[in-house]
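One file, coords_4.cif, carrying mmCIF, C-alpha atoms and all ligand atoms:
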data_query
#
loop_
_atom_site.label_atom_id
_atom_site.label_comp_id
_atom_site.auth_asym_id
_atom_site.auth_seq_id
_atom_site.Cartn_x
_atom_site.Cartn_y
_atom_site.Cartn_z
CA MET V 1 91.07 97.75 85.85
CA SER V 2 93.63 99.81 84.05
CA GLU V 3 96.44 101.21 86.11
CA PRO V 4 95.87 104.86 87.02
CA ALA V 5 98.42 106.52 84.78
CA VAL V 6 99.59 109.88 85.98
CA SER V 7 98.30 112.71 83.87
CA THR V 8 100.91 114.91 82.26
CA SER V 9 98.94 118.13 82.26
CA ASN V 10 100.43 120.37 84.92
CA SER V 11 102.18 123.63 85.36
CA GLY V 12 105.22 121.85 86.82
CA PRO V 13 107.32 122.38 89.92
CA ALA V 14 107.05 125.71 91.65
CA ASN V 15 109.86 128.24 91.52
CA ARG V 16 109.22 129.49 95.00
CA PRO V 17 108.85 127.54 98.24
CA PRO V 18 105.69 128.36 100.16
CA GLU V 19 106.21 131.08 102.75
CA GLY V 20 107.13 129.73 106.14
CA ASP V 21 109.82 129.04 108.65
CA VAL V 22 113.27 127.62 108.01
CA PRO V 23 113.52 124.97 105.30
CA VAL V 24 113.57 121.37 106.49
CA THR V 25 116.27 119.28 104.79
CA LEU V 26 116.50 115.51 105.15
CA ILE V 27 119.87 113.90 104.35
CA THR V 28 120.48 110.16 104.49
CA GLY V 29 123.81 108.64 105.51
CA THR V 30 125.03 111.54 107.68
CA ARG V 31 127.21 109.67 110.18
CA LYS V 32 130.33 110.25 108.07
CA GLY V 33 131.69 111.08 104.62
CA ILE V 34 129.83 113.30 102.18
CA GLY V 35 126.57 113.07 104.15
CA ARG V 36 128.10 114.45 107.32
CA TYR V 37 129.69 117.34 105.42
CA LEU V 38 126.36 118.17 103.74
CA ALA V 39 124.49 118.07 107.06
CA GLU V 40 126.97 120.49 108.64
CA GLN V 41 126.81 122.82 105.64
CA PHE V 42 123.02 123.00 105.55
CA VAL V 43 122.85 123.55 109.31
CA ALA V 44 125.29 126.45 108.82
CA LYS V 45 123.01 127.81 106.10
CA GLY V 46 120.14 127.96 108.58
CA HIS V 47 118.20 124.83 107.59
CA GLN V 48 116.59 122.46 110.04
CA VAL V 49 118.45 119.28 109.10
CA VAL V 50 117.34 115.72 109.78
CA GLY V 51 119.91 113.00 109.19
CA CYS V 52 120.04 109.25 109.49
CA SER V 53 122.43 106.30 109.43
CA ARG V 54 122.48 102.78 110.88
CA GLN V 55 124.98 103.64 113.60
CA ALA V 56 124.83 106.73 115.82
CA PRO V 57 127.17 109.56 114.79
CA ASP V 58 129.94 110.83 117.08
CA TRP V 59 129.04 114.45 116.33
CA SER V 60 126.04 116.73 116.79
CA ALA V 61 124.98 120.24 115.80
CA PRO V 62 122.27 122.74 116.65
CA ASN V 63 119.14 122.35 114.51
CA TYR V 64 120.30 118.87 113.59
CA LEU V 65 118.19 115.84 114.47
CA HIS V 66 119.69 112.38 113.97
CA ILE V 67 117.50 109.31 113.65
CA CYS V 68 119.12 105.87 113.56
CA CYS V 69 117.53 104.04 110.66
CA ASP V 70 118.52 101.61 107.94
CA VAL V 71 117.26 103.26 104.73
CA SER V 72 116.03 99.94 103.37
CA ASP V 73 113.94 99.06 106.46
CA GLU V 74 110.43 100.22 105.52
CA PRO V 75 108.87 100.33 109.01
CA ALA V 76 111.85 102.31 110.32
CA VAL V 77 111.63 104.69 107.36
CA LEU V 78 107.90 105.24 107.95
CA GLN V 79 108.66 105.97 111.59
CA LEU V 80 111.35 108.48 110.58
CA PHE V 81 108.88 110.32 108.36
CA ALA V 82 106.22 110.25 111.08
CA THR V 83 108.75 111.96 113.36
CA ILE V 84 109.49 114.64 110.74
CA ARG V 85 105.79 115.25 110.30
CA GLN V 86 105.18 115.54 114.04
CA ARG V 87 108.22 117.66 114.80
CA PHE V 88 108.37 119.94 111.77
CA GLY V 89 105.13 119.40 109.82
CA ARG V 90 106.88 119.80 106.48
CA LEU V 91 109.79 118.72 104.30
CA ASP V 92 111.43 120.92 101.66
CA HIS V 93 114.50 118.94 100.59
CA LEU V 94 115.59 115.31 100.45
CA ILE V 95 119.22 114.40 99.74
CA ASN V 96 119.45 110.65 99.18
CA ASN V 97 123.14 110.29 100.01
CA ALA V 98 123.32 106.96 101.91
CA GLY V 99 125.02 104.37 99.76
CA ILE V 100 127.37 101.41 99.91
CA ALA V 101 129.77 99.87 97.44
CA SER V 102 131.46 96.53 97.24
CA MET V 103 134.65 96.02 95.29
CA ASN V 104 134.90 92.48 93.95
CA HIS V 105 135.10 90.56 90.71
CA CYS V 106 131.64 89.33 89.68
CA LEU V 107 132.90 85.72 89.80
CA LEU V 108 133.59 86.21 93.50
CA THR V 109 130.58 88.30 94.54
CA PRO V 110 128.14 86.53 96.90
CA VAL V 111 124.46 87.13 96.28
CA ASP V 112 124.08 88.52 99.81
CA THR V 113 126.38 91.37 98.83
CA VAL V 114 124.31 91.98 95.71
CA ARG V 115 121.16 92.20 97.82
CA ARG V 116 122.74 94.51 100.39
CA VAL V 117 123.96 96.96 97.75
CA LEU V 118 120.64 96.96 95.91
CA ASP V 119 118.65 97.27 99.16
CA THR V 120 120.61 100.27 100.39
CA ASN V 121 121.17 102.10 97.13
CA VAL V 122 117.99 101.37 95.20
CA VAL V 123 115.28 100.28 97.64
CA GLY V 124 116.44 102.85 100.22
CA SER V 125 116.47 105.71 97.72
CA PHE V 126 113.06 104.68 96.44
CA LEU V 127 111.49 104.51 99.90
CA PHE V 128 112.82 107.93 100.82
CA CYS V 129 111.65 109.45 97.52
CA ARG V 130 108.18 108.01 98.01
CA GLU V 131 107.74 109.08 101.60
CA ALA V 132 109.33 112.49 101.02
CA ALA V 133 107.03 113.13 98.08
CA ARG V 134 104.04 112.23 100.22
CA LEU V 135 105.00 114.96 102.66
CA MET V 136 106.18 117.50 100.08
CA GLN V 137 103.10 117.34 97.89
CA ARG V 138 100.94 118.80 100.65
CA ARG V 139 102.65 122.13 100.05
CA ASN V 140 103.09 121.55 96.32
CA TYR V 141 106.83 122.12 96.67
CA GLY V 142 109.87 119.91 97.04
CA ARG V 143 113.39 119.17 95.88
CA ILE V 144 114.87 115.67 95.77
CA VAL V 145 118.53 114.95 94.96
CA ASN V 146 119.73 111.38 94.43
CA PHE V 147 123.30 110.07 94.21
CA SER V 148 124.68 108.38 91.11
CA THR V 149 128.40 107.85 90.35
CA VAL V 150 130.88 108.12 87.50
CA ALA V 151 131.58 104.41 88.06
CA THR V 152 128.48 103.76 85.90
CA PRO V 153 129.45 105.61 82.69
CA LEU V 154 133.15 104.68 83.18
CA LYS V 155 132.15 100.99 83.56
CA LEU V 156 134.41 100.47 86.55
CA GLU V 157 135.53 96.85 86.66
CA GLY V 158 135.07 95.22 90.05
CA GLU V 159 132.07 97.40 90.87
CA ALA V 160 129.44 95.71 88.69
CA ILE V 161 126.66 95.70 91.28
CA TYR V 162 127.48 99.15 92.61
CA ALA V 163 127.54 100.62 89.09
CA ALA V 164 124.32 98.80 88.20
CA SER V 165 122.60 100.04 91.37
CA LYS V 166 123.52 103.61 90.50
CA ALA V 167 122.36 103.13 86.89
CA ALA V 168 119.02 102.27 88.48
CA ILE V 169 119.19 105.53 90.42
CA VAL V 170 119.59 107.52 87.21
CA SER V 171 116.57 105.79 85.75
CA LEU V 172 114.56 106.25 88.96
CA THR V 173 115.44 109.94 88.93
CA GLU V 174 114.29 110.39 85.35
CA VAL V 175 110.96 108.63 85.82
CA LEU V 176 110.15 110.11 89.25
CA ALA V 177 110.87 113.57 87.84
CA ARG V 178 107.93 113.03 85.51
CA GLU V 179 105.66 111.40 88.07
CA LEU V 180 106.30 114.09 90.68
CA ALA V 181 106.36 117.21 88.49
CA PRO V 182 102.59 117.66 88.89
CA PHE V 183 103.13 117.78 92.66
CA GLY V 184 105.61 120.66 92.51
CA ILE V 185 108.57 118.38 93.20
CA THR V 186 111.82 118.24 91.21
CA VAL V 187 114.03 115.12 91.19
CA ASN V 188 117.66 115.27 90.07
CA ALA V 189 120.88 113.36 90.64
CA VAL V 190 124.52 114.18 91.19
CA GLY V 191 127.27 111.76 90.12
CA PRO V 192 130.51 112.37 92.01
CA THR V 193 133.95 111.27 90.83
CA PRO V 194 136.09 109.43 93.39
CA ILE V 195 136.29 111.41 96.64
CA GLU V 196 138.53 110.20 99.44
CA THR V 197 136.05 108.71 101.90
CA ASP V 198 135.68 105.26 103.49
CA LEU V 199 133.55 104.23 100.51
CA ILE V 200 136.52 103.90 98.16
CA ARG V 201 139.11 102.84 100.73
CA SER V 202 139.03 99.23 99.54
CA VAL V 203 139.62 100.12 95.89
CA PRO V 204 143.33 99.71 94.96
CA LYS V 205 145.09 103.06 94.46
CA ASP V 206 146.32 102.32 90.94
CA LYS V 207 142.80 101.40 89.87
CA MET V 208 141.51 104.70 91.25
CA GLU V 209 144.22 106.63 89.46
CA ARG V 210 143.46 104.95 86.15
CA LEU V 211 139.79 105.80 86.65
CA ILE V 212 140.54 109.43 87.45
CA ALA V 213 142.77 109.69 84.38
CA ARG V 214 139.66 109.04 82.27
CA GLN V 215 137.90 112.16 83.58
CA ALA V 216 138.06 115.42 81.57
CA ILE V 217 139.53 117.00 84.70
CA PRO V 218 141.74 114.31 86.25
CA ARG V 219 141.66 114.91 89.99
CA TYR V 220 139.87 113.57 93.03
CA GLY V 221 136.55 115.25 93.72
CA THR V 222 135.89 117.25 96.87
CA PHE V 223 132.89 117.60 99.16
CA GLU V 224 132.55 121.20 97.91
CA ASP V 225 132.17 119.97 94.31
CA VAL V 226 129.18 117.88 95.36
CA LEU V 227 127.65 120.62 97.51
CA ASN V 228 127.82 123.05 94.60
CA VAL V 229 125.65 120.85 92.37
CA ILE V 230 123.23 120.08 95.19
CA GLU V 231 122.79 123.75 96.01
CA PHE V 232 121.91 124.40 92.38
CA PHE V 233 119.28 121.63 92.41
CA LEU V 234 117.82 122.79 95.74
CA SER V 235 117.63 126.43 94.74
CA PRO V 236 114.08 127.78 94.64
CA ARG V 237 115.11 129.17 91.24
CA SER V 238 115.69 125.65 89.85
CA GLY V 239 111.97 124.85 89.58
CA PHE V 240 112.35 124.16 85.84
CA VAL V 241 115.30 121.78 86.32
CA THR V 242 114.24 118.18 86.81
CA GLY V 243 115.10 114.65 85.70
CA GLN V 244 118.77 115.61 85.28
CA ASN V 245 121.89 113.78 86.32
CA VAL V 246 125.09 115.81 86.57
CA TYR V 247 128.38 113.91 86.48
CA LEU V 248 131.32 115.77 87.95
CA GLY V 249 134.83 115.99 86.49
CA GLY V 250 133.61 116.10 82.90
CA VAL V 251 132.69 112.43 82.67
CA MET A 1 86.46 97.55 110.11
CA ASN A 2 82.77 97.70 109.21
CA GLN A 3 81.16 99.38 106.20
CA GLN A 4 80.15 102.47 108.16
CA GLU A 5 83.66 103.00 109.51
CA ALA A 6 85.21 102.43 106.09
CA LEU A 7 82.78 104.92 104.56
CA GLN A 8 83.81 107.47 107.16
CA VAL A 9 87.49 106.91 106.34
CA VAL A 10 86.81 107.63 102.67
CA LEU A 11 84.61 110.65 103.36
CA ASP A 12 87.14 112.13 105.79
CA ALA A 13 89.88 111.71 103.19
CA LEU A 14 87.64 113.34 100.61
CA GLY A 15 87.09 116.27 102.96
CA GLU A 16 90.84 116.60 103.38
CA PHE A 17 91.36 116.30 99.62
CA ASN A 18 88.87 119.12 99.01
CA GLN A 19 90.63 121.26 101.63
CA ILE A 20 94.04 120.82 100.04
CA HIS A 21 93.33 120.51 96.34
CA ARG A 22 89.75 121.51 95.55
CA ARG A 23 88.75 124.52 97.59
CA ASP A 24 87.10 126.07 94.53
CA GLN A 25 85.36 122.95 93.17
CA PRO A 26 84.93 120.43 96.00
CA VAL A 27 84.13 116.82 95.18
CA PRO A 28 80.70 116.11 96.76
CA PRO A 29 81.33 114.15 99.97
CA ALA A 30 78.56 111.54 99.56
CA PRO A 31 78.44 107.72 99.32
CA ASP A 32 77.31 107.72 95.69
CA THR A 33 79.90 110.23 94.48
CA ARG A 34 81.69 108.82 91.47
CA LEU A 35 85.44 109.03 91.85
CA PHE A 36 87.37 107.58 88.90
CA GLY A 37 86.32 106.43 85.45
CA PRO A 38 83.24 107.51 83.48
CA GLY A 39 81.48 110.38 85.27
CA GLY A 40 84.19 110.46 87.95
CA HIS A 41 85.34 113.64 89.65
CA LEU A 42 89.03 112.67 89.71
CA ASP A 43 91.53 112.40 86.90
CA SER A 44 94.39 109.94 87.33
CA LEU A 45 96.64 112.49 89.01
CA ASN A 46 94.04 113.50 91.55
CA LEU A 47 93.21 109.85 92.13
CA VAL A 48 96.82 109.34 93.24
CA ARG A 49 96.55 112.35 95.57
CA PHE A 50 93.23 111.14 96.98
CA VAL A 51 94.14 107.46 97.42
CA PHE A 52 97.11 108.25 99.52
CA LEU A 53 95.07 110.53 101.78
CA VAL A 54 92.76 107.53 102.26
CA GLU A 55 95.79 105.31 103.04
CA GLU A 56 97.05 107.85 105.58
CA ASN A 57 93.65 108.07 107.21
CA LEU A 58 93.42 104.27 107.36
CA GLN A 59 96.86 104.08 108.92
CA ARG A 60 95.95 106.66 111.57
CA ARG A 61 92.86 104.62 112.50
CA THR A 62 94.25 101.11 112.33
CA GLY A 63 97.90 101.74 113.12
CA LYS A 64 98.84 99.62 110.10
CA SER A 65 99.97 100.67 106.68
CA VAL A 66 97.56 99.50 104.02
CA ALA A 67 98.29 99.60 100.28
CA LEU A 68 95.12 100.25 98.31
CA THR A 69 96.73 100.07 94.89
CA ASP A 70 98.72 96.85 95.05
CA GLU A 71 98.37 94.08 92.48
CA ARG A 72 95.18 92.88 94.15
CA ALA A 73 93.41 96.18 93.60
CA MET A 74 94.63 96.31 90.02
CA SER A 75 93.38 92.80 89.32
CA GLN A 76 89.84 93.30 90.65
CA ARG A 77 87.19 92.69 87.99
CA HIS A 78 85.56 95.96 89.01
CA SER A 79 87.77 98.85 89.99
CA PRO A 80 87.50 99.72 93.69
CA PHE A 81 87.89 103.38 92.74
CA ILE A 82 84.61 103.87 90.89
CA SER A 83 82.78 105.53 93.76
CA VAL A 84 83.00 106.37 97.44
CA THR A 85 80.94 103.27 98.25
CA THR A 86 82.97 100.85 96.11
CA LEU A 87 86.14 102.10 97.76
CA ALA A 88 84.64 101.68 101.24
CA ASP A 89 83.60 98.12 100.28
CA TYR A 90 87.13 97.40 99.13
CA ILE A 91 88.57 98.72 102.39
CA VAL A 92 86.29 96.43 104.39
CA LYS A 93 87.47 93.52 102.24
CA ILE A 94 91.19 94.14 102.63
CA CYS A 95 90.94 94.96 106.33
CA ALA A 96 89.06 91.72 107.04
CA PRO A 97 90.90 89.50 109.56
CA ASN A 98 91.58 86.75 107.00
CA SER A 99 92.87 89.14 104.34
CA PRO A 100 96.63 88.92 103.56
CA ASN A 101 96.73 92.69 104.03
CA SER A 102 95.51 92.70 107.61
N1 LIG N 1 133.24 108.67 97.83
C1 LIG N 1 133.18 108.51 96.53
O1 LIG N 1 134.19 108.36 95.87
C2 LIG N 1 131.86 108.51 95.83
C3 LIG N 1 131.86 108.59 94.41
C4 LIG N 1 130.64 108.58 93.74
C5 LIG N 1 129.46 108.51 94.45
N2 LIG N 1 129.48 108.45 95.81
C6 LIG N 1 128.21 108.34 96.51
O2 LIG N 1 128.15 109.30 97.55
C7 LIG N 1 127.32 108.82 98.61
C8 LIG N 1 128.04 108.97 99.95
O3 LIG N 1 129.25 108.25 99.90
P1 LIG N 1 130.45 108.47 100.92
O4 LIG N 1 131.68 108.42 100.12
O5 LIG N 1 130.19 109.61 101.80
O6 LIG N 1 130.34 107.07 101.74
P2 LIG N 1 130.77 106.71 103.24
O7 LIG N 1 131.84 107.60 103.72
O8 LIG N 1 130.99 105.24 103.23
O9 LIG N 1 129.43 107.05 104.09
C9 LIG N 1 128.23 106.38 103.84
C10 LIG N 1 127.18 106.91 104.81
O10 LIG N 1 125.95 106.25 104.55
C11 LIG N 1 125.48 105.60 105.74
N3 LIG N 1 124.79 104.35 105.35
C12 LIG N 1 125.30 103.30 104.68
N4 LIG N 1 124.38 102.35 104.53
C13 LIG N 1 123.26 102.80 105.13
C14 LIG N 1 121.95 102.26 105.35
N5 LIG N 1 121.61 101.04 104.89
N6 LIG N 1 121.04 103.01 106.01
C15 LIG N 1 121.38 104.24 106.48
N7 LIG N 1 122.58 104.80 106.31
C16 LIG N 1 123.51 104.08 105.64
C17 LIG N 1 126.72 105.38 106.59
O11 LIG N 1 126.44 105.32 107.99
P3 LIG N 1 126.19 103.91 108.77
O12 LIG N 1 127.32 103.02 108.37
O13 LIG N 1 126.16 104.29 110.21
O14 LIG N 1 124.86 103.40 108.28
C18 LIG N 1 127.52 106.64 106.26
O15 LIG N 1 127.09 107.73 107.06
C19 LIG N 1 126.99 107.36 98.26
O16 LIG N 1 125.69 107.29 97.70
C20 LIG N 1 128.03 107.00 97.22
O17 LIG N 1 127.58 105.99 96.35
C21 LIG N 1 130.66 108.45 96.52
#
Just dump the structure as structure tokens.
Amino acid sequence: MSEPAVSTSNSGPANRPPEGDVPVTLITGTRKGIGRYLAEQFVAKGHQVVGCSRQAPDWSAPNYLHICCDVSDEPAVLQLFATIRQRFGRLDHLINNAGIASMNHCLLTPVDTVRRVLDTNVVGSFLFCREAARLMQRRNYGRIVNFSTVATPLKLEGEAIYAASKAAIVSLTEVLARELAPFGITVNAVGPTPIETDLIRSVPKDKMERLIARQAIPRYGTFEDVLNVIEFFLSPRSGFVTGQNVYLGGV
Amino acid sequence: MNQQEALQVVLDALGEFNQIHRRDQPVPPAPDTRLFGPGGHLDSLNLVRFVFLVEENLQRRTGKSVALTDERAMSQRHSPFISVTTLADYIVKICAPNSPNS
């Protein structure tokens, strides 16, 4: 049989979330770094936030539910979504933040590292997009934000697999935007510049500085810079914005 | 899962589909209702919506996640999605104890 191609006739993502209680926002990788900051910000904005990471966080907040889960472990991911469905019955926003990097010359990169990076960054993001969309489409409304990086367009040496995994995320974002538009769901990506978190701790300082010098605005990024773009994508008014990837710092 | 149970899974999912997506023009919930292809009630987009309601229903009943649109479904000589009955038949087949899916 021929594969059921998705029809393109639709009125596109909705500009208004359906009436209801507080928005439910799922953020991956919230134990630390950017993910933790985002979780705290969206809690402060009155969202019900669900977060996940492999290890338990050393912090908590009201209206924040943490579920320990490896984003690339399908049964665990299905269980996480079953919990969201049971507890909250809906999902408005997904922020696919969990990600890992591995700094190494390609000649010295073991294939296990390659698999780990691809599993977390690509397979994990895909699984969360799929399951989130399954929940979101019931209300014909949803916002998904994925994470890319400036390491891809800047062709950062030593980060071949990381940069390639994030190139896949840009492509995933563009195609899912089309597949999910008929379900009222937008899919976009944000590409941060280097931000001082554990993720970049192993990258030599001079390498980082040379990378930053290639940005239009040569400074480290901040958590606020990332939040700003995400808030724009999540806005109910951004229903006509989908399939976009915004690099920070003018890259 | 026997034919009768599989048929019920499909019909329940169709009921749910009508509730969510087709309140104005429900798809007739009957064994001979044509789903996809010539004379079918579903376009490709609605087929996606419907198939995953069937998968969810199957998972609730069996406790296992079942993929109805994997390579095996796509390589069938006759599409399992032609009618309510063909889909129920396909579900029986892939839920059989010796099937790689079960
Ligand atoms: N920092 C930067 O310079 C920068 C630049 C561009 C893009 N980004 C992107 O921004 C995102 C966040 O980065 P960050 O700097 O905040 O990194 P980070 O400080 O290293 O934090 C990563 C978070 O993801 C979680 N995580 C990692 N692997 C996971 C898995 N398999 N399953 C579930 N959770 C997992 C970690 O918790 P556990 O260890 O407990 O699992 C942690 O909470 C990533 O997608 C990254 O690629 C960062």
Inset, instruction - Show me which bits of chain A are within 8 Å of chain V, counting all atoms listed in the file, as a PyMOL selection string. - result: chain A and resi 20+43-45+47-48+74-79
Pick out the residues sitting within 12 Å of Ser99 (chain A), and hand them over as an mmCIF file with C-alpha atoms, in the frame of the given file; count only C-alpha atoms, and ignore anything fewer than 4 positions along from it in its own chain.
data_model
loop_
_atom_site.group_PDB
_atom_site.id
_atom_site.type_symbol
_atom_site.label_atom_id
_atom_site.label_comp_id
_atom_site.auth_asym_id
_atom_site.auth_seq_id
_atom_site.Cartn_x
_atom_site.Cartn_y
_atom_site.Cartn_z
ATOM 1 C CA VAL A 66 97.560 99.500 104.020
ATOM 2 C CA ARG A 72 95.180 92.880 94.150
ATOM 3 C CA TYR A 90 87.130 97.400 99.130
ATOM 4 C CA ILE A 91 88.570 98.720 102.390
ATOM 5 C CA VAL A 92 86.290 96.430 104.390
ATOM 6 C CA LYS A 93 87.470 93.520 102.240
ATOM 7 C CA ILE A 94 91.190 94.140 102.630
ATOM 8 C CA CYS A 95 90.940 94.960 106.330
#
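Residue nearest ligand LIG 1 (chain N), chosen from V:His105, V:Arg178, V:His47, V:Arg219 and counting all atoms listed in the file: V:Arg219.
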Legend entry - Selection as JSON, numbers by chain: residues within 9 Å of ligand LIG 1 (chain N) by only C-alpha atoms and all ligand atoms: {"V": [28, 29, 30, 31, 32, 33, 34, 35, 36, 37, 52, 53, 54, 55, 56, 57, 68, 69, 70, 71, 72, 73, 96, 97, 98, 99, 100, 101, 116, 117, 119, 120, 121, 124, 146, 147, 148, 149, 150, 151, 162, 166, 190, 191, 192, 193, 194, 195, 196, 197, 198, 199, 200, 201, 220, 221, 223, 226]}
Selection above as a file: C-alpha atoms, as a compact mmCIF listing (two decimals), in the coordinates of the input:
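Final file, again-v2.txt:
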# COMPACT_ATOMS: atom_id res chain seq x y z
CA THR V 28 120.48 110.16 104.49
CA GLY V 29 123.81 108.64 105.51
CA THR V 30 125.03 111.54 107.68
CA ARG V 31 127.21 109.67 110.18
CA LYS V 32 130.33 110.25 108.07
CA GLY V 33 131.69 111.08 104.62
CA ILE V 34 129.83 113.30 102.18
CA GLY V 35 126.57 113.07 104.15
CA ARG V 36 128.10 114.45 107.32
CA TYR V 37 129.69 117.34 105.42
CA CYS V 52 120.04 109.25 109.49
CA SER V 53 122.43 106.30 109.43
CA ARG V 54 122.48 102.78 110.88
CA GLN V 55 124.98 103.64 113.60
CA ALA V 56 124.83 106.73 115.82
CA PRO V 57 127.17 109.56 114.79
CA CYS V 68 119.12 105.87 113.56
CA CYS V 69 117.53 104.04 110.66
CA ASP V 70 118.52 101.61 107.94
CA VAL V 71 117.26 103.26 104.73
CA SER V 72 116.03 99.94 103.37
CA ASP V 73 113.94 99.06 106.46
CA ASN V 96 119.45 110.65 99.18
CA ASN V 97 123.14 110.29 100.01
CA ALA V 98 123.32 106.96 101.91
CA GLY V 99 125.02 104.37 99.76
CA ILE V 100 127.37 101.41 99.91
CA ALA V 101 129.77 99.87 97.44
CA ARG V 116 122.74 94.51 100.39
CA VAL V 117 123.96 96.96 97.75
CA ASP V 119 118.65 97.27 99.16
CA THR V 120 120.61 100.27 100.39
CA ASN V 121 121.17 102.10 97.13
CA GLY V 124 116.44 102.85 100.22
CA ASN V 146 119.73 111.38 94.43
CA PHE V 147 123.30 110.07 94.21
CA SER V 148 124.68 108.38 91.11
CA THR V 149 128.40 107.85 90.35
CA VAL V 150 130.88 108.12 87.50
CA ALA V 151 131.58 104.41 88.06
CA TYR V 162 127.48 99.15 92.61
CA LYS V 166 123.52 103.61 90.50
CA VAL V 190 124.52 114.18 91.19
CA GLY V 191 127.27 111.76 90.12
CA PRO V 192 130.51 112.37 92.01
CA THR V 193 133.95 111.27 90.83
CA PRO V 194 136.09 109.43 93.39
CA ILE V 195 136.29 111.41 96.64
CA GLU V 196 138.53 110.20 99.44
CA THR V 197 136.05 108.71 101.90
CA ASP V 198 135.68 105.26 103.49
CA LEU V 199 133.55 104.23 100.51
CA ILE V 200 136.52 103.90 98.16
CA ARG V 201 139.11 102.84 100.73
CA TYR V 220 139.87 113.57 93.03
CA GLY V 221 136.55 115.25 93.72
CA PHE V 223 132.89 117.60 99.16
CA VAL V 226 129.18 117.88 95.36
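Distances from A:Asn98, A:Gln59, A:Gln4, A:Ser83 to Val27 (chain A) were compared using only C-alpha atoms, and the smallest one belongs to A:Ser83.
Take the candidates A:Pro80, A:Arg34, A:Gln19, A:Gly63 and check each one against Val51 (chain A) using all atoms listed in the file; the shortest distance goes to A:Pro80.
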Legend entry - Non-local contacts of region 184-186 of chain V (9 Å; all atoms listed in the file; under 5 positions in same chain excluded) as a ChimeraX atom specification: /V:11-15,133,136-137,139-145,176-178,233-234,238-243
Legend entry - Selected residue of minimal separation from Val251 (chain V) among V:Asp58, V:Leu80, V:Leu108, V:Ile212, counting only C-alpha atoms: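 For Val251 (chain V), the nearest of the given residues is V:Ile212.
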Inset, instruction - Please measure the separation of CA of Glu55 (chain A) and CA of Asp21 (chain V), giving the value in Å to one decimal. - result: 28.1 Å
Legend entry - Which of A:Ala96, A:Val84, A:Ala73, A:Met1 sits closest to Leu14 (chain A) [using all atoms listed in the file]: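 Closest to Leu14 (chain A), using all atoms listed in the file: A:Val84.
Shortest atom-to-atom contact with Arg49 (chain A) among V:Lys205, V:Leu135, V:Gln86, V:Asp225: V:Leu135, counting only C-alpha atoms.
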Pick out the residues sitting within 10 Å of Leu26 (chain V), and hand them over as a compact mmCIF listing (two decimals) with C-alpha atoms, in the coordinates of the input; count only C-alpha atoms, and ignore anything fewer than 2 positions along from it in its own chain.
# COMPACT_ATOMS: atom_id res chain seq x y z
CA PRO V 23 113.52 124.97 105.30
CA VAL V 24 113.57 121.37 106.49
CA THR V 28 120.48 110.16 104.49
CA THR V 30 125.03 111.54 107.68
CA ALA V 39 124.49 118.07 107.06
CA PHE V 42 123.02 123.00 105.55
CA HIS V 47 118.20 124.83 107.59
CA GLN V 48 116.59 122.46 110.04
CA VAL V 49 118.45 119.28 109.10
CA VAL V 50 117.34 115.72 109.78
CA GLY V 51 119.91 113.00 109.19
CA CYS V 52 120.04 109.25 109.49
CA TYR V 64 120.30 118.87 113.59
CA LEU V 65 118.19 115.84 114.47
CA HIS V 66 119.69 112.38 113.97
CA PHE V 81 108.88 110.32 108.36
CA ILE V 84 109.49 114.64 110.74
CA LEU V 91 109.79 118.72 104.30
CA ASP V 92 111.43 120.92 101.66
CA HIS V 93 114.50 118.94 100.59
CA LEU V 94 115.59 115.31 100.45
CA ILE V 95 119.22 114.40 99.74
CA ASN V 96 119.45 110.65 99.18
CA ASN V 97 123.14 110.29 100.01
CA PHE V 128 112.82 107.93 100.82
CA ALA V 132 109.33 112.49 101.02
CA ILE V 144 114.87 115.67 95.77
Neighbouring residues of Gln25 (chain A) were defined as those with any atom within 10 Å, considering only C-alpha atoms; residues of the same chain fewer than 4 positions away were excluded. Please report them as a PDB file with C-alpha atoms, in the coordinates of the input.
ATOM      1  CA  ASN A  18      88.870 119.120  99.010  1.00  0.00           C
ATOM      2  CA  HIS A  21      93.330 120.510  96.340  1.00  0.00           C
ATOM      3  CA  HIS A  41      85.340 113.640  89.650  1.00  0.00           C
TER       4      HIS A  41
END
Inset, instruction - Figure out the distance between CA of Pro97 (chain A) and CA of Leu11 (chain A), please, to one decimal in Å. - result: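 Value for the CA of Leu11 (chain A)-CA of Pro97 (chain A) distance: 22.9 Å.
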Quick one: residues within 8 Å of Leu53 (chain A), all atoms listed in the file, excluding same-chain residues fewer than 3 positions away - as a PDB file with C-alpha atoms, in the frame of the given file?
ATOM      1  CA  ALA A  13      89.880 111.710 103.190  1.00  0.00           C
ATOM      2  CA  GLU A  16      90.840 116.600 103.380  1.00  0.00           C
ATOM      3  CA  PHE A  17      91.360 116.300  99.620  1.00  0.00           C
ATOM      4  CA  ARG A  49      96.550 112.350  95.570  1.00  0.00           C
ATOM      5  CA  PHE A  50      93.230 111.140  96.980  1.00  0.00           C
ATOM      6  CA  GLU A  56      97.050 107.850 105.580  1.00  0.00           C
ATOM      7  CA  ASN A  57      93.650 108.070 107.210  1.00  0.00           C
TER       8      ASN A  57
END
Inset, instruction - Calculate how many Å separate CA of Val246 (chain V) from CA of Ala189 (chain V), rounding to one decimal. - result: 6.3 Å
How big is the axis-aligned box around all listed atoms of region 72-81 of chain A once 8 Å goes on each side, and where's its centre, in Å to one decimal, as AutoDock Vina command-line options?
--center_x 90.4 --center_y 98.0 --center_z 91.1 --size_x 25.6 --size_y 26.7 --size_z 22.2
